[in-house]
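*Asks:* The structure is given below, and queries will be raised subsequently.
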Amino acid sequence: MASRPELKEEDESSFCKFFRNLPQPGDDTVRIFDRGDYYSAHGEDAKFIATTVYRTNAVIRKLGREPGLESVTMTVMVYRNFLRDALFRLSKRIEVWQSSGKRMDWKVAKQASPGNLQDLEDELGGQIENAPIILAVKITAKASEARHVGVCFADASVRELGVSEFLDNDSYSNFESLLIQLGVKECLIQADPAKKDVELGRIRKIADNCGCAIAERSVADYGTKDIEQDLPRLLKDEKAAGTLPQTDLKLAMGSAAALIKYLGVMSDSSNFGQYQLYQHDLDQYMKLDAAALKALNLMPGPRDGSKTMSLYGLLNHCKTPTGSRLLAQWLKQPLMNIVEIERRQQLVEAFVNDTELRQTMQEEHLRSIPDLYRLAKKFQRKVANLEDVVRAYQVIIRLPGFLGTLESVMDEQYRDPLDAEYTSKLREYSDSFAKLQEMVETTVDLDALDNHEFIIKPEFDESLRVIRKRLDKLRREMDAEHSRVGRDLNQDTEKKLFLENHRVHGWCFRLTRNEASCIRNKRQYKECSTQKNGVYFTTDTLQQTRREFDQLSGNYNRTQAGLVNEVVAVASSYIPVIEKLAAVLAHLDVIVAFAHVSVHAPTSYTRPTMHKRGTGNTILKEARHPCMEMQDDISFITNDVSLVRKESEFLIITGPNMGGKSTYIRQIGVIALMAQIGCFVPASSAELTIFDCILARVGASDSQTKGVSTFMAEMLETANILKSATKESLIIIDELGRGTSTYDGFGLAWAISEHIVKEIGAFALFATHFHELTALSDTYKQVQNMHVVAHISEGTTSSPSSSSAPSKKREVTLLYKVEPGVCDQSFGIHVAELVRFPQKVINMAKRKADELEDFSGKHEQGFEQASKEDVEEGSKLLKEMLVAWQADVQSQGLTKKQQVARMQELVRGNERLLQNGFFKGIQAL
């Protein structure tokens with residue numbers, strides 16, 4: 001931060017006037033001004049950057065006359081870090097303004113938003129972890145009818161448009177699942193300022209919950225008038241455009257019109273005839289909502305300290321950026337087709353069983369593959385150079401290595417699946433690249449790569465050969481000067497004195513900072529700059545040689561420019577093959593990562609047996625939570641799971657706090673999801689049915705900024721479960737009804753559970769502290785009670801008061817084992833003891849709990865023992881006794897004390913009444 005550049009504005013007042021006259025951007029837009037070697041921001045944007053980047057307002061400077069324009073500057077590195085933070089974490093839009101050099105001739109040169117990063121891809125480098133999907137949505141809804149939703153979406157880095165149209169409920173759960181499946185980063189919503197639309201408000205809320213940036217577009221943008229002309233121009237097969245079934249999806253076509261306009265696709269003629277249109281089927285993947293994403297810890301959260309805290313972090317042993325992105329996509333799109341799932345499992349098994357194959361693929365081959373999608377995009381946008389051609393070439397020459405490794409697999413049962421998925425495709429692509437490989441080897445000087453130079457071979461052109469000869473001579477002269485200076489300063493030219501081509505100073509010498517004193521006060525050595533890695537300096541001889549070298553290098557580049565353009569143009573024609581290769585290598589990378597994790601877990605994962613959708617049971621032996629078992633100093637206790645149709649469809653889990661109920665129910669959801677993405681699972685054996693969705697209600701928290709309390713959030717999530725679940729779903733509920741009174745909470749928990757059992761019939765797991773809920777198993781045979789085991793031992797401990805006798809203390813040991821049956825007590829006070837509540841508070845809590853337990857226990861016990869006959873007989877005897885007592889009180893004029901005594905006398909004298917079970921219950925009160 002100390003090297004933050006000073007703002008040099010020659011005409012300050014003119015710039016301030018220009019800036020203040022600009023139209024106001026939206027609240028989520030940040031304007032950055034490109035000043036060449038640094039960047040600046042002004043006004044509200046300057047304040048925003050000061051607080052988010054520098055975390056102090058002290059960096060703000062005033063530009064121009066009073067009152068002055070708040071301004072902040074950023075170095076190139078700070079600017080790039082800010083871009084990543086603003087786009088990926090804060091969901092901001094960015095405008096980068098550039099000047100042509102004329103007075104106040106500033107124009108928007110680049111724009112980016114979370115779903116459209118094309119203009120700033122180079123500045124963001126390889127930091128784009130997930131494909132930036134942008135989606136436009138259009139709805140029609142009437143209060144009494146189902147909602148019709150039409151969407152169009154695109155990944156701006158791949159020339160594809162996806163469309164989908166579907167019916168939805170009033171919670172828009174299908175729309176939420178779609179946002180999760182696609183990993184949408186930005187959502188375009190139709191906005192009509194003239195009216196407040198409740199339905200659009202719901203759509204906005206869901207998009208916000210799923211972490212999407214929201215852009216409002218006018219109603220006119222969604223018009224379908226131009227789409228019929230635009231689509232044929234964009235699509236590869238023009239004739240097919242009119243006959244595509246997708247064009248019948250009127251809402252989706254409206255969304256497509258808005259998206260095409262927003263991305264400015266039609267303004268770039270290189271897009272024409274390059275796009276593909278496909279229809280996304282919402283039902284081909286398991287549905288997940290935002291609550292399930294959070295409950296199952298699928299993606300890293302902002303507070304996750306360890307990589308293995310999320311399933312993505314645990315599984316991401318991918319060696320390529322494209323592999324990591326595909327893994328994130330697979331996690332949000334678990335498969336529903338058993339054939340597809342088993343195909344992936346077979347491939348994972350091949351790499352699990354062949355250690356050499358797995359390690360060679362990871363360490364030798366995949367590690368060296370760059371981001372091929374990004375490379376293809378550079379060729380598409382016509383910004384590729386000779387370095388990009390060489391990077392493509394370096395991938396091509398590695399393909400025989402991939403093929404050799406895959407062809408060495410001896411096991412017959414794996415050869416065919418590997419051949420179908422990888423070997424045959426890689427062989428085909430390798431053959432396709434043969435001409436490109438030959439061209440690069442003929443034209444590009446591959447020996448110059450050692451000096452990080454990307455040039456055409458000098459032999460290729462006579463004028464290039466002459467220049468190269470002179471450049472080589474100058475390079476030898478620089479080496480000679482390097483040796484001379486080393487002798488003069490008595491410094492080792494290999495370890496302490498270096499000849500380097502610096503980004504700013506060109507060819508110069510560098511000394512380590514410890515040795516830099518040897519050039520002080522020596523006129524022949526001119527210092528260029530002092531940096532962390534040492535002191536840069538030069539000599540008159542080197543300076544003169546460098547100038548000539550730079551001039552000749554410029555000539556070389558100008559002379560070779562035409563040839564370079566031809567080479568890049570030829571390489572650009574291979575874009576489709578590069579993209580296909582990227583897809584195959586990404587798939588291979590994820591499968592190998594699955595195998596790596598399966599083998600290297602504390603206990604190896606196992607291949608699950610899958611049952612077709614709607615059939616079979618889910619039975620896990622010695623199941624574990626994959627993320628929890630990776631934590632340090634944890635010896636994970638395994639548990640069995642049995643979800644069997646008509647026997648144990650609905651599991652109620654009771655037990656102490658911190659006993660492992662939440663881990664138990666969540667691990668079942670995580671294992672089900674891992675199985676459906678084709679990965680092995682953490683269990684000694686596993687069979688699973690295919691679930692159409694995982695619905696979770698886990699740990700709702702307040703959202704005060706959105707006006708939603710804990711209880712309201714809990715109810716909204718539960719309402720979504722009841723509307724979305726089918727017989728083929730998996731429902732996970734961790735506590736329900738805690739945010740309201742005990743009676744209301746229990747009533748809701750019972751009603752919801754009964755509805756799931758009777759009406760939905762889904763497999764469900766319900767962790768609760770309402771022990772009364774376990775009575776459901778008496779009515780429904782498919783409800784089973786489970787409990788977390790805790791060992792209780794009685795010990796003695798001295799009372800805080802020295803005069804008191806020792807008192808008994810319960811020692812509770814949590815065993816984290818889940819077994820059949822009901823837990824008959826709670827352990828809340830035990831947890832309070834663990835966190836060292838004051839002893840007075842603990843004692844008071846125990847006393848109050850005992851009083852309440854004593855009251856309710858006696859009350860329930862007395863009446864539970866009374867039969868229907870006892871109640872009838874007891875009521876009759878009691879009535880007779882009270883009538884006799886009332887007659888005595890009135891006839892004898894008894895005092896209150898005498899009335900009580902007479903009542904006791906009548907009761908003691910009535911043996912039948914004393915023996916009655918119903919009366920005993922009343923006495924217990």
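Each chain in the structure tokens gets a letter, A, B and so on, in the order shown; residues start at 1 in every chain, and ligands are counted from 1 in the order they appear.
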Mind listing the strand (DSSP E) residues of stretch 25-121 of chain A, per DSSP on the backbone, as a PyMOL selection string?

*Replies:* chain A and resi 29-34+39-42+61-63+69-74+93-99+106-112

*Asks:* Go ahead and write the residues just picked, N, CA and C atoms, as a compact mmCIF listing (two decimals), in the first residue's frame.

*Replies:*
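Saved the output as selection08.txt:
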```txt
# COMPACT_ATOMS: atom_id res chain seq x y z
N THR A 29 -22.86 -0.49 -9.41
CA THR A 29 -21.85 -0.27 -10.46
C THR A 29 -20.69 0.56 -9.93
N VAL A 30 -19.46 0.11 -10.22
CA VAL A 30 -18.26 0.85 -9.82
C VAL A 30 -17.52 1.28 -11.09
N ARG A 31 -17.21 2.60 -11.18
CA ARG A 31 -16.48 3.13 -12.34
C ARG A 31 -15.00 3.27 -12.00
N ILE A 32 -14.16 2.70 -12.87
CA ILE A 32 -12.71 2.76 -12.69
C ILE A 32 -12.12 3.47 -13.92
N PHE A 33 -11.14 4.35 -13.69
CA PHE A 33 -10.50 5.08 -14.79
C PHE A 33 -9.07 4.57 -14.99
N ASP A 34 -8.79 4.11 -16.21
CA ASP A 34 -7.49 3.55 -16.56
C ASP A 34 -6.54 4.69 -16.89
N TYR A 39 -4.63 3.01 -11.82
CA TYR A 39 -6.07 3.20 -11.99
C TYR A 39 -6.58 4.14 -10.90
N SER A 40 -7.68 4.83 -11.22
CA SER A 40 -8.27 5.73 -10.21
C SER A 40 -9.79 5.54 -10.15
N ALA A 41 -10.35 5.95 -9.01
CA ALA A 41 -11.82 5.95 -8.84
C ALA A 41 -12.18 7.23 -8.11
N HIS A 42 -13.42 7.70 -8.30
CA HIS A 42 -13.78 9.02 -7.79
C HIS A 42 -15.18 9.03 -7.17
N ARG A 61 -7.91 11.30 -1.55
CA ARG A 61 -7.35 12.63 -1.84
C ARG A 61 -8.40 13.46 -2.55
N LYS A 62 -8.36 14.76 -2.36
CA LYS A 62 -9.31 15.67 -3.02
C LYS A 62 -8.70 16.20 -4.30
N LEU A 63 -9.45 16.09 -5.40
CA LEU A 63 -8.98 16.54 -6.70
C LEU A 63 -9.70 17.83 -7.06
N LEU A 69 -13.02 16.72 -5.47
CA LEU A 69 -13.62 15.43 -5.83
C LEU A 69 -12.82 14.31 -5.15
N GLU A 70 -13.53 13.53 -4.31
CA GLU A 70 -12.84 12.43 -3.62
C GLU A 70 -12.24 11.47 -4.65
N SER A 71 -10.97 11.14 -4.47
CA SER A 71 -10.28 10.29 -5.45
C SER A 71 -9.37 9.30 -4.74
N VAL A 72 -9.25 8.11 -5.34
CA VAL A 72 -8.38 7.06 -4.81
C VAL A 72 -7.66 6.43 -5.99
N THR A 73 -6.39 6.06 -5.80
CA THR A 73 -5.64 5.39 -6.87
C THR A 73 -5.31 3.95 -6.47
N MET A 74 -5.08 3.11 -7.50
CA MET A 74 -4.72 1.72 -7.27
C MET A 74 -3.61 1.30 -8.23
N ARG A 93 -21.00 -4.58 -10.49
CA ARG A 93 -20.73 -4.40 -11.91
C ARG A 93 -19.56 -3.43 -12.04
N ILE A 94 -18.74 -3.62 -13.07
CA ILE A 94 -17.55 -2.79 -13.24
C ILE A 94 -17.59 -2.11 -14.60
N GLU A 95 -17.27 -0.81 -14.62
CA GLU A 95 -17.05 -0.08 -15.87
C GLU A 95 -15.62 0.44 -15.85
N VAL A 96 -14.85 0.11 -16.88
CA VAL A 96 -13.48 0.64 -16.98
C VAL A 96 -13.46 1.67 -18.10
N TRP A 97 -13.11 2.91 -17.72
CA TRP A 97 -13.08 4.02 -18.68
C TRP A 97 -11.65 4.27 -19.13
N GLN A 98 -11.48 4.53 -20.43
CA GLN A 98 -10.16 4.83 -20.98
C GLN A 98 -10.23 6.11 -21.80
N SER A 99 -9.08 6.78 -21.89
CA SER A 99 -9.01 8.04 -22.65
C SER A 99 -8.17 7.82 -23.90
N TRP A 106 -12.95 10.62 -22.46
CA TRP A 106 -13.08 9.35 -21.74
C TRP A 106 -14.29 8.57 -22.24
N LYS A 107 -14.09 7.28 -22.46
CA LYS A 107 -15.20 6.41 -22.91
C LYS A 107 -15.13 5.08 -22.16
N VAL A 108 -16.29 4.41 -22.04
CA VAL A 108 -16.31 3.08 -21.42
C VAL A 108 -15.65 2.09 -22.38
N ALA A 109 -14.53 1.52 -21.96
CA ALA A 109 -13.79 0.58 -22.82
C ALA A 109 -14.14 -0.87 -22.48
N LYS A 110 -14.40 -1.13 -21.21
CA LYS A 110 -14.69 -2.51 -20.78
C LYS A 110 -15.80 -2.49 -19.73
N GLN A 111 -16.65 -3.51 -19.80
CA GLN A 111 -17.71 -3.67 -18.79
C GLN A 111 -17.74 -5.12 -18.36
N ALA A 112 -18.05 -5.33 -17.09
CA ALA A 112 -18.16 -6.72 -16.60
C ALA A 112 -19.17 -6.78 -15.47
```

*Asks:* Would you pick out the contacts of A:Val383 at 12 Å or less, using only C-alpha atoms, so that residues sharing its chain but fewer than 6 positions from it are not included, and give the list as number ranges by chain?

*Replies:* A: 118-119, 121-122, 374-377, 389, 565, 568-569, 572

*Asks:* For A:Gln543, work out the shell of residues within 10 Å, counting only C-alpha atoms and skipping chain neighbours fewer than 5 positions away, then give it as a PyMOL selection string.

*Replies:* chain A and resi 478+505-508+526+537-538+548-549

*Asks:* Can you write just those residues out, C-alpha atoms, as a PDB file, in the first residue's frame?

*Replies:*
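Output file result.pdb is given in full below:
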```pdb
ATOM      1  CA  MET A 478      25.852  -8.796 -22.956  1.00  0.00           C
ATOM      2  CA  HIS A 505      14.324  -1.564 -17.270  1.00  0.00           C
ATOM      3  CA  GLY A 506      14.984  -4.151 -19.990  1.00  0.00           C
ATOM      4  CA  TRP A 507      18.300  -6.028 -19.855  1.00  0.00           C
ATOM      5  CA  CYS A 508      20.176  -5.100 -16.670  1.00  0.00           C
ATOM      6  CA  LYS A 526      24.151   3.117 -12.362  1.00  0.00           C
ATOM      7  CA  PHE A 537      21.776  -1.630 -12.037  1.00  0.00           C
ATOM      8  CA  THR A 538      23.467  -1.206 -15.405  1.00  0.00           C
ATOM      9  CA  GLU A 548      20.461  -1.703 -29.897  1.00  0.00           C
ATOM     10  CA  PHE A 549      19.037  -5.079 -28.818  1.00  0.00           C
TER      11      PHE A 549
END
```

*Asks:* Do a neighbour search on A:Arg465 at 12 Å with only C-alpha atoms, toss out local chain neighbours closer than 6 positions, and write the hits as a ChimeraX atom specification.

*Replies:* /A:445,455-459,471-472,552,555-556,559-560

*Asks:* Please determine, counting only C-alpha atoms, which residue among A:Leu161, A:Phe460, A:Pro608, A:Gln284 has the shortest atom-to-atom distance to A:Thr442.

*Replies:* A:Phe460

*Asks:* For atom CA of A:Asn490 and atom CA of A:Asn521, quote the distance in Å rounded to one decimal.

*Replies:*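 These two atoms are separated by 16.0 Å.
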
*Asks:* Which is closest to A:Ala434 among A:Ser529, A:Asp155, A:Ile653, A:Pro400, if we use only C-alpha atoms?

*Replies:*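 Ranking A:Ser529, A:Asp155, A:Ile653, A:Pro400 by distance to A:Ala434, first place goes to A:Pro400.
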
*Asks:* Looking at A:Thr895, A:Gln346, A:Asn81, A:Gln229, which one is nearest to A:Ile591, with distances taken over only C-alpha atoms?

*Replies:*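 Nearest to A:Ile591: A:Gln346.
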
*Asks:* Work out how far apart atom CA of A:Glu165 and atom CA of A:His148 are and give it in Å to one decimal.

*Replies:*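 We find that atom CA of A:Glu165 and atom CA of A:His148 lie 7.4 Å from each other.
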
*Asks:* A:Ile637: which residues within 8 Å, counting only C-alpha atoms, same-chain residues fewer than 3 positions away excluded, as a list of chain:residue names?

*Replies:*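 Residues meeting the cut-off are A:Arg624, A:Tyr816, A:Lys817.
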
*Asks:* Please measure the separation of atom CA of A:Asp492 and atom CA of A:Ile519, giving the value in Å to one decimal.

*Replies:*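 Separating atom CA of A:Asp492 from atom CA of A:Ile519 is a distance of 14.4 Å.
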
*Asks:* Find the residue from A:Gln904, A:Ser724, A:Gln413, A:Asn385 that sits nearest to A:Leu347; use only C-alpha atoms when measuring.

*Replies:*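 Using only C-alpha atoms, A:Leu347 sits closest to A:Gln413.
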
*Asks:* Neighbours of A:Ala595 within 7 Å (only C-alpha atoms; same-chain residues fewer than 6 positions away dropped), as a PyMOL selection string?

*Replies:* chain A and resi 348+351-352

*Asks:* For the selection just defined, write its residues with N, CA and C atoms to a file, as a JSON list (two decimals), in the first residue's frame.

*Replies:*
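Once everything was written out, this is part-v5.json:
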```json
[["chain", "number", "residue", "atom", "x", "y", "z"],
["A", 348, "VAL", "N", -14.26, -44.50, -12.11],
["A", 348, "VAL", "CA", -13.59, -44.22, -10.83],
["A", 348, "VAL", "C", -12.92, -45.49, -10.32],
["A", 351, "PHE", "N", -9.48, -46.28, -11.78],
["A", 351, "PHE", "CA", -8.37, -45.50, -11.22],
["A", 351, "PHE", "C", -8.12, -45.83, -9.74],
["A", 352, "VAL", "N", -9.16, -46.30, -9.04],
["A", 352, "VAL", "CA", -8.99, -46.72, -7.64],
["A", 352, "VAL", "C", -8.12, -47.98, -7.59]]
```

*Asks:* For A:Leu730, find every residue with an atom within 6 Å (counting only C-alpha atoms), except residues of its own chain fewer than 6 positions away, and show them as a PyMOL selection string.

*Replies:* chain A and resi 694+763-764

*Asks:* For the selection you just gave me, I'd like the residues written to a file as an mmCIF file, in the first residue's frame, keeping N, CA and C atoms.

*Replies:*
```cif
data_model
loop_
_atom_site.group_PDB
_atom_site.id
_atom_site.type_symbol
_atom_site.label_atom_id
_atom_site.label_comp_id
_atom_site.auth_asym_id
_atom_site.auth_seq_id
_atom_site.Cartn_x
_atom_site.Cartn_y
_atom_site.Cartn_z
ATOM 1 N N ILE A 694 -33.028 -33.636 -2.658
ATOM 2 C CA ILE A 694 -32.712 -33.642 -1.221
ATOM 3 C C ILE A 694 -33.233 -32.323 -0.680
ATOM 4 N N PHE A 763 -38.594 -40.903 2.031
ATOM 5 C CA PHE A 763 -37.640 -41.243 3.083
ATOM 6 C C PHE A 763 -37.294 -39.954 3.820
ATOM 7 N N ALA A 764 -37.342 -39.999 5.162
ATOM 8 C CA ALA A 764 -37.107 -38.778 5.930
ATOM 9 C C ALA A 764 -36.354 -39.088 7.212
#
```

*Asks:* Here is a test: counting only C-alpha atoms, which residue of A:Ser113, A:Ser255, A:Thr774, A:Asn57 is nearest to A:Thr654?

*Replies:*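 Checking each of A:Ser113, A:Ser255, A:Thr774, A:Asn57 against A:Thr654, counting only C-alpha atoms, the winner is A:Thr774.
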
*Asks:* Just checking: using only C-alpha atoms, which residue out of A:Asp105, A:Glu438, A:Asp888, A:Glu12 ends up closest to A:Gly68?

*Replies:*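 Answer, going by the shortest atom-to-atom distance: A:Glu12.
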